[in-house]
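First up is the structure itself, then whatever we jot down about it.
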Amino acid sequence: MATLTIPYYKLPYKPSEAFPEEENVWRPFVEVRINNKTAHIDCLALLDSGADNCLFPAEIGEYLGVDIRKGKTKEFGGIGKGKIKAYFHDVLLRIENISFKCCAGFTYDRLPYVLLGQNGFFDQCIISFDLPQRIIRISVP
Amino acid sequence: MARENKVVDLTSALSRYEGKWVALSRDEKKVVGSGRTLKEAVRVAGKKNCKDPVYTQVFSFSKGLAPWLL
């Protein structure tokens with residue numbers, strides 16, 4: 001079993017009324033290379049255990065030359081208002097020296113980040129989040 | 001790649017880029033391009049001949065992140 005140990009990312013943040021001391025935020029990002037047949041792009045992706053699928057902004061697909069609207073669609077909702085529509089395509093994800101086949105959704109709706117979710121990523125590895133130690137471990141059987 | 005199992009601290013590097021796309025240098029220590037769109041960030045990074053930068057969106061600094069509550 002191969003295991004990657006990856007650091008958390010510390011990002012800028014403005015203090016809020018509830019947490020006036022909070023001047024930064026820790027988020028579980030991983031650097032991922034997204035490949036299709038002819039191109040690739042390196043991105044920071046959020047490990048989002050609450051997302052059912054891997055979702056990417058359409059701009060990523062356009063950069064890779066994906067014919068986005070030809071993909072099969074799925075709609076997503078959440079705790080906020082509205083829904084988003086994603087078009088699914090096969091891509092290859094690479095984190096360090098490990099590759100993952102992934103059917104990822106590309107959306108023209110608003111996304112905060114590239115999201116790695118349950119189907120397409122978490123279903124291929126074992127992930128532990130150790131925020132106190134600021135590390136993430138990704139193990140691939 | 002910043003893979004030395006140390007924290008990756010982007011607080012300073014990203015502080016001026018809220019709401020934008022940015023291209024980070026390979027060591028993820030500095031911003032080598034930015035823009036309102038990915039395309040623009042790619043163009044700016046390309047002008048600086050930065051090889052294989054790492055792209056990311058910079059989310060709001062004043063909002064917590066919860067699924068889809070954008």
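Residues are referred to by chain and number: the chain letter is A, B, ... according to the order shown in the structure tokens, the number counts from 1 in that chain, and ligands are numbered separately from 1 in the order shown.
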
Based on only C-alpha atoms, which of the residues in chain A come within 9 Å of chain B? I want them as a PyMOL selection string. chain A and resi 5-16+24-25+31-33+41-45+48+50-51+59-60+63+77-84+96+110-114+134-135

Using backbone DSSP assignments, extract all strand (DSSP E or B) residues from chain B; output them as a PyMOL selection string. chain B and resi 8-9+21-24+31-35+54-57

Shell around Phe100 (chain A) at 8 Å using only C-alpha atoms, local window under 3 positions removed, as a list in words: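 Answer for this query is Leu92, Leu93, Arg94, Gly120, Phe121 and Gln124 of chain A.
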
Could the residues in this selection be written to a file with C-alpha atoms, as an mmCIF file, in the first residue's frame?
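Below you can see part-v6.cif, which holds the result:
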```
data_model
loop_
_atom_site.group_PDB
_atom_site.id
_atom_site.type_symbol
_atom_site.label_atom_id
_atom_site.label_comp_id
_atom_site.auth_asym_id
_atom_site.auth_seq_id
_atom_site.Cartn_x
_atom_site.Cartn_y
_atom_site.Cartn_z
ATOM 1 C CA LEU A 92 -6.903 10.860 -15.109
ATOM 2 C CA LEU A 93 -5.846 12.398 -11.814
ATOM 3 C CA ARG A 94 -2.271 12.207 -10.630
ATOM 4 C CA GLY A 120 -14.059 9.211 -8.364
ATOM 5 C CA PHE A 121 -11.556 9.810 -5.578
ATOM 6 C CA GLN A 124 -10.081 4.636 -4.513
#
```

Give the helix (DSSP H, G or I) residues of chain B, as assigned by DSSP on the backbone, as a VMD selection string. chain B and resid 38 to 47

Convert the current residue selection to file output with C-alpha atoms, as a compact mmCIF listing (two decimals), in the first residue's frame.
```txt
# COMPACT_ATOMS: atom_id res chain seq x y z
CA LEU B 38 -8.34 30.87 -15.39
CA LYS B 39 -7.53 31.85 -18.96
CA GLU B 40 -6.20 35.21 -17.81
CA ALA B 41 -4.10 33.65 -15.05
CA VAL B 42 -2.65 31.19 -17.60
CA ARG B 43 -1.83 34.03 -19.97
CA VAL B 44 -0.05 36.10 -17.31
CA ALA B 45 1.90 33.10 -15.99
CA GLY B 46 2.85 32.19 -19.57
CA LYS B 47 4.35 35.63 -20.12
```

Mind giving me the straight-line distance from CA of Thr107 (chain A) to CA of Tyr87 (chain A) in Å, one decimal?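 So the answer is 6.4 Å.
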
d(CA of Tyr17 (chain B), CA of Arg36 (chain B)) in Å: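 Separation of CA of Tyr17 (chain B) and CA of Arg36 (chain B): 9.6 Å.
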
What does the structure give for the distance between CA of Ile34 (chain A) and CA of Met1 (chain A), in Å to one decimal? 22.6 Å

Return the single residue from A:Leu131, A:Val30, A:Ile126, A:Leu46 that is closest to Thr3 (chain A), with distances computed using only C-alpha atoms. A:Ile126
